[in-house]
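Take a look at the structure below.
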Amino acid sequence: MAVENGGSNPVTGLSSTPESTVPLHVSITTTAGVTGVSTGLSTKNTILTSLTAGALAGALAKTVIAPLERTKIIFQTSDRVFNYRKVVQQLIFMFRTEGLISLWRGNSATMIRIAPSAAIQFAAHEQAKRFLMGSNGRESRSNYKQFLAGSIAGVISSSITFPLDVARARMAVTAKKTFKHIGEVFLQIIREEGILKMYRGISASLLGVIPYGGFSFFTYETLKRWRADQTNSPLQAHERLVCGACAGLVGQTSSYPLDIARRRMQTCGVLGQPFRGLVGTIIYVAKNEGIRKGLYKGLTMNWLKGPIAVGVSFTTYDTVVQGLRTLPIYNQ
């Protein structure tokens with residue numbers, strides 16, 4: 001989600017198995033429609049197909065909800081009161097003053113970030129499951145290992161792509177004329193604040209991605225397995241969308257206050273606000289804006305866009321990865 005708040009674990013380092021055709025515990029949908037075991041792909045081709053499908057899934061999901069994402073960031077990084085009427089007013093204002101394309105302002109930075117982020121996240125999740133559960137997948141119903149695999153994937157992905165997330169946030173909260181492209185964001189940060197400021201807010205991001213990644217992947221895999229057990233048939237696309245939507249709802253709700261803190265920390269430099277650190281930011285927001293209207297500001301919008309994004313992401317990934325793994329080029 002894109003998955004919007006997730007990261008991943010590089011596949012190298014999780015497995016010491018040499019590259020060869022070996023059984024892997026990966027997200028291949030069997031006739032029952034649940035996660036099964038791949039026996040026909042090499043380690044390299046398993047990783048390549050997962051990376052490709054993950055990148056496409058993340059890019060599509062984030063593009064679909066980009067206008068809502070930009071609007072949410074604008075509210076998150078200010079003390080403005082949030083409600084749906086004001087959201088609509090903000091969307092109309094951006095459309096009238098900057099044009100239709102402005103609704104996707106910052107999406108280029110999102111694409112640069114989300115494609116590698118989602119690719120790493122999905123690939124790492126497969127490898128983390130293999131590492132934690134064994135290559136034969138016998139322990140696939142272990143709940144805490146499902147959660148841990150998602151968390152590991154989220155932490156590594158977020159760590160690798162965090163500077164791009166900072167750039168995306170700053171482009172989203174500034175006027176079009178402020179930055180012409182993502183490169184200008186990086187140049188300004190390095191020149192005026194220092195290179196380390198590109199990782200400002202990463203503590204909130206890493207703390208938030210543990211429950212977000214863990215609950216998202218755990219909920220999706222659990223619901224898929226439950227549905228398949230009930231019907232004993234392959235899951236349809238709309239069923240995957242529903243499972244993914246529920247996963248997004250649970251994941252984003254569990255980590256939302258940390259998302260607020262991360263956005264405030266990422267954008268304080270460009271908005272002229274003092275930097276308070278993670279704990280200081282949370283205390284400041286809670287004290288001055290309240291728990292519900294501050295730390296959970298915009299959560300209801302996340303309940304709208306989050307399930308859409310995660311549902312599209314998981315469904316796209318499952319569909320694309322299954323298609324790729326039937327191609328002769330990956331089965332040689």
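All residue names refer to the structure tokens as shown: chains lettered A, B, ... in order, residues numbered from 1 in each chain, ligands numbered from 1 in order.
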Margin query: Need to verify the contact set: range 87-90 of chain A, 12 Å, only C-alpha atoms, exclusion of same-chain residues closer than 3 positions in sequence. Can you return it as a list in words?
Written below: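 Here the answer would be Pro67, Leu68, Glu69, Arg70, Thr71, Lys72, Ile73, Ile74, Phe75, Gln76, Arg80, Val81, Phe82, Asn83, Tyr84, Phe93, Met94, Phe95, Arg96, Thr97, Glu98, Ser102, Leu103, Lys297, Gly298, Thr300 and Met301 of chain A.
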Checklist line | Residue contacts of Pro116 in chain A (9 Å, only C-alpha atoms) excluding same-chain residues fewer than 6 positions away, as a list of chain:residue names | finding: A:Leu51, A:Gly54, A:Ala55, A:Gly58, A:Ser157, A:Ile160, A:Thr161
Checklist line | Within 10 Å of Phe275 in chain A using only C-alpha atoms, minus same-chain residues under 5 positions, as an MDAnalysis selection string | finding: chainID A and resid 200:201 264:269 280:281
Residues from the last selection, N, CA and C atoms, saved as a CSV table (one decimal), in the first residue's frame:
```
chain,number,residue,atom,x,y,z
A,200,ARG,N,14.9,12.0,8.1
A,200,ARG,CA,14.1,12.5,9.2
A,200,ARG,C,12.7,11.9,9.2
A,201,GLY,N,12.3,11.3,10.4
A,201,GLY,CA,11.0,10.7,10.5
A,201,GLY,C,11.1,9.1,10.3
A,264,ARG,N,4.7,14.8,9.9
A,264,ARG,CA,5.1,16.1,10.5
A,264,ARG,C,6.6,16.2,10.5
A,265,MET,N,7.3,15.1,10.8
A,265,MET,CA,8.8,15.2,10.9
A,265,MET,C,9.4,15.3,9.5
A,266,GLN,N,8.8,14.7,8.5
A,266,GLN,CA,9.3,14.8,7.2
A,266,GLN,C,9.2,16.2,6.6
A,267,THR,N,8.1,16.9,6.9
A,267,THR,CA,7.8,18.2,6.2
A,267,THR,C,8.0,19.4,7.1
A,268,CYS,N,8.5,19.3,8.3
A,268,CYS,CA,8.7,20.5,9.2
A,268,CYS,C,9.7,21.4,8.6
A,269,GLY,N,10.7,20.9,7.9
A,269,GLY,CA,11.7,21.8,7.3
A,269,GLY,C,11.2,22.7,6.2
A,280,GLY,N,8.4,13.9,20.9
A,280,GLY,CA,8.0,15.3,21.0
A,280,GLY,C,6.9,15.6,20.0
A,281,THR,N,6.9,15.1,18.8
A,281,THR,CA,5.9,15.3,17.8
A,281,THR,C,4.6,14.8,18.3
```
Checklist line | Å distance separating CA of Ala204 in chain A from CA of Phe314 in chain A, one decimal place | finding: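 CA of Ala204 in chain A sits 24.4 Å away from CA of Phe314 in chain A.
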Checklist line | Minimum-distance residue to Met198 in chain A, chosen among A:Val173, A:Ala228, A:Val166, A:Ile210 (using only C-alpha atoms) | finding: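 Of all the options, A:Val166 lies closest to Met198 in chain A.
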